[in-house]
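Input: a single structure, listed below in structure tokens.
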Amino acid sequence: MIKIAVLVSGSGSNLQALIDANLSGEIAGVISNKPEAYALERAKNAGIATAVIEHKQYPNREAFDDVMHQQLLDWDVDLVILAGFMRILSAKFVQAWEGKMINIHPSLLPNYKGMHTHQRVLNTGDTLHGCTVHYVTAELDAGQALAQGVLKVTLHDNADTLANRVHVLEHLIYPQVAEWICSGKIQHTKQGVLYHNQPMLEPVQFCKL
Ligand code: GRF
């Protein structure tokens with residue numbers, strides 16, 4: 001059975017969706033860089049091990065990442081799921097977990113990498129928005145996309161309503177992708193990402209238009 005670690009910094013609603021999905025993999029532990037993150041309560045309520053590793057207590061990014069890396073090894077983790085983890089990871093850490101670490105980003109990548117995606121979508125006047133699950137690589141928000149949730153932006157939307165609507169999609173697609181990895185339906189190989197044993201040429205799309 002695949003062992004999973006979820007890395008969080010905040011509320012952890014995506015963690016909750018992963019817990020509630022009863023994945024065929026086991027969530028072996030949750031790491032937070034913030035001791036006050038509500039996600040830690042969610043993990044404890046579900047009987048999942050937690051570790052608080054405060055980035056502020058380490059002299060630099062690499063030292064912080066080394067401690068996280070060691071914790072992941074101690075839990076014997078096969079898959080790292082970033083779920084609202086608000087730290088940029090060092091190249092060394094990303095390389096160590098390449099092909100074994102996924103993230104969810106609140107935009108239709110490659111559009112709107114980085115922060116404040118909802119407001120940027122509104123400023124541009126896009127009619128479609130959503131979220132993307134992707135493998136993590138050294139370049140921020142640039143690894144291969146595995147799935148996207150797509151919604152239509154309405155005239156009544158503001159950054160808050162968009163954030164809420166995107167969250168609903170996140171809770172749908174993140175557990176689904178995690179399960180596909182746990183069950184071997186998605187595989188990361190040297191030849192590229194396979195979906196149902198075929199090269200994955202584009203992300204699976206979930207629409208809520
Ligand atoms: C999500 O919007 C996700 O896209 C981003 O961080 C947020 C985490 O929310 N990476 P939560 O902590 O899972 O509620």
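Numbering starts fresh at 1 for the residues of each chain in the structure tokens, the chains themselves are lettered A, B, ... in the order given, and ligands are numbered from 1 as they appear.
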Residues within 6 Å of ligand 1, counting only C-alpha atoms and all ligand atoms: report them as a tab-separated table (two decimals) with N, CA and C atoms, in the first residue's frame.
chain	number	residue	atom	x	y	z
A	10	GLY	N	-2.13	25.66	6.30
A	10	GLY	CA	-3.32	26.42	6.67
A	10	GLY	C	-4.50	25.58	7.09
A	11	SER	N	-5.64	25.95	6.53
A	11	SER	CA	-6.91	25.36	6.97
A	11	SER	C	-7.03	23.86	6.68
A	12	GLY	N	-6.48	23.44	5.56
A	12	GLY	CA	-6.45	22.00	5.30
A	12	GLY	C	-7.75	21.42	4.77
A	13	SER	N	-8.54	22.22	4.06
A	13	SER	CA	-9.77	21.64	3.51
A	13	SER	C	-9.46	20.58	2.45
A	14	ASN	N	-8.35	20.76	1.74
A	14	ASN	CA	-7.95	19.70	0.79
A	14	ASN	C	-7.49	18.45	1.52
A	15	LEU	N	-6.78	18.64	2.62
A	15	LEU	CA	-6.41	17.48	3.45
A	15	LEU	C	-7.67	16.73	3.87
A	83	ALA	N	-0.70	20.41	0.03
A	83	ALA	CA	-2.09	20.85	0.11
A	83	ALA	C	-2.14	22.17	0.85
A	84	GLY	N	-1.88	23.24	0.10
A	84	GLY	CA	-1.85	24.55	0.74
A	84	GLY	C	-0.58	24.74	1.55
A	104	ILE	N	-1.57	21.14	-5.81
A	104	ILE	CA	-2.77	21.68	-6.47
A	104	ILE	C	-2.65	23.19	-6.48
A	105	HIS	N	-2.93	23.77	-7.64
A	105	HIS	CA	-2.76	25.21	-7.80
A	105	HIS	C	-4.08	25.80	-8.29
A	106	PRO	N	-4.50	26.94	-7.71
A	106	PRO	CA	-5.81	27.49	-8.06
A	106	PRO	C	-5.83	28.31	-9.35
A	167	HIS	N	-12.35	26.05	-4.79
A	167	HIS	CA	-12.13	25.09	-3.69
A	167	HIS	C	-13.00	23.85	-3.86
Note to self: Taking only chain A into account, list the residues labelled helix (DSSP H, G or I) by DSSP (computed from the backbone), as a count of residues only.
What the structure shows: 71
Next item on the list: Determine which residues of region 21-195 of chain A DSSP labels as strand (DSSP E or B) from the backbone of this structure, then write them out as a count of residues only.
Entry: 44
Next item on the list: Find the spatial neighbours of region 51-66 of chain A, counting only C-alpha atoms, within a cut-off of 12 Å - ignore same-chain residues fewer than 3 positions away - and output them as a ChimeraX atom specification.
Entry: /A:5-9,28-37,39-41,43-44,48,69-75,85-97
Next item on the list: Tell me which protein, DNA and RNA residues are within 10 Å of region 124-126 of chain A, counting only C-alpha atoms, leaving out same-chain ones fewer than 5 positions away, and put them as a ChimeraX atom specification.
Entry: /A:119,152-155
Determine, for each residue of region 62-162 of chain A having at least one atom at most 8 Å from an atom of region 172-187 of chain A, the closest pair of atoms and their separation in Å to one decimal, counting only C-alpha atoms; order by chain and ascending number, as CSV.
residue,atom,partner,partner_atom,distance
A:Ile104,CA,A:Tyr174,CA,7.2
A:Val133,CA,A:Tyr174,CA,6.7
A:Leu146,CA,A:Val177,CA,7.3
A:Ala147,CA,A:Ile173,CA,7.0
A:Gln148,CA,A:Ile173,CA,7.3
A:Gly149,CA,A:Ile173,CA,6.7
Just C-alpha atoms for this one: save the residues we selected as an mmCIF file, in the first residue's frame.
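File produced: result34.cif:
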data_model
loop_
_atom_site.group_PDB
_atom_site.id
_atom_site.type_symbol
_atom_site.label_atom_id
_atom_site.label_comp_id
_atom_site.auth_asym_id
_atom_site.auth_seq_id
_atom_site.Cartn_x
_atom_site.Cartn_y
_atom_site.Cartn_z
ATOM 1 C CA ILE A 104 -2.769 21.677 -6.467
ATOM 2 C CA VAL A 133 -3.103 19.134 -10.051
ATOM 3 C CA LEU A 146 -2.474 15.621 -14.338
ATOM 4 C CA ALA A 147 -5.986 16.996 -13.947
ATOM 5 C CA GLN A 148 -7.857 20.270 -14.160
ATOM 6 C CA GLY A 149 -11.170 21.393 -12.768
#
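Using only C-alpha atoms, the nearest neighbour of Asp20 (chain A) within the list A:Ala46, A:Ala163, A:Ile2, A:Ala142 is A:Ala46.
Remark: for Val166 (chain A), the closest of the candidate residues A:Cys207, A:Ile4, A:Val121, A:Leu151 is A:Leu151 (distances computed over only C-alpha atoms).
Nearest residue to Ala49 (chain A), choosing from A:Asp78, A:Leu194, A:Ile27, A:Val67 and counting only C-alpha atoms: A:Ile27.
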Check: For Gln191 (chain A), which residue out of A:Gly99, A:Asn22, A:Asp76, A:Glu170 is the nearest one, using only C-alpha atoms?
Finding: A:Gly99
Item checked: Between CA of Thr161 (chain A) and CA of Gln16 (chain A), distance in Å (one decimal) -> 20.5 Å
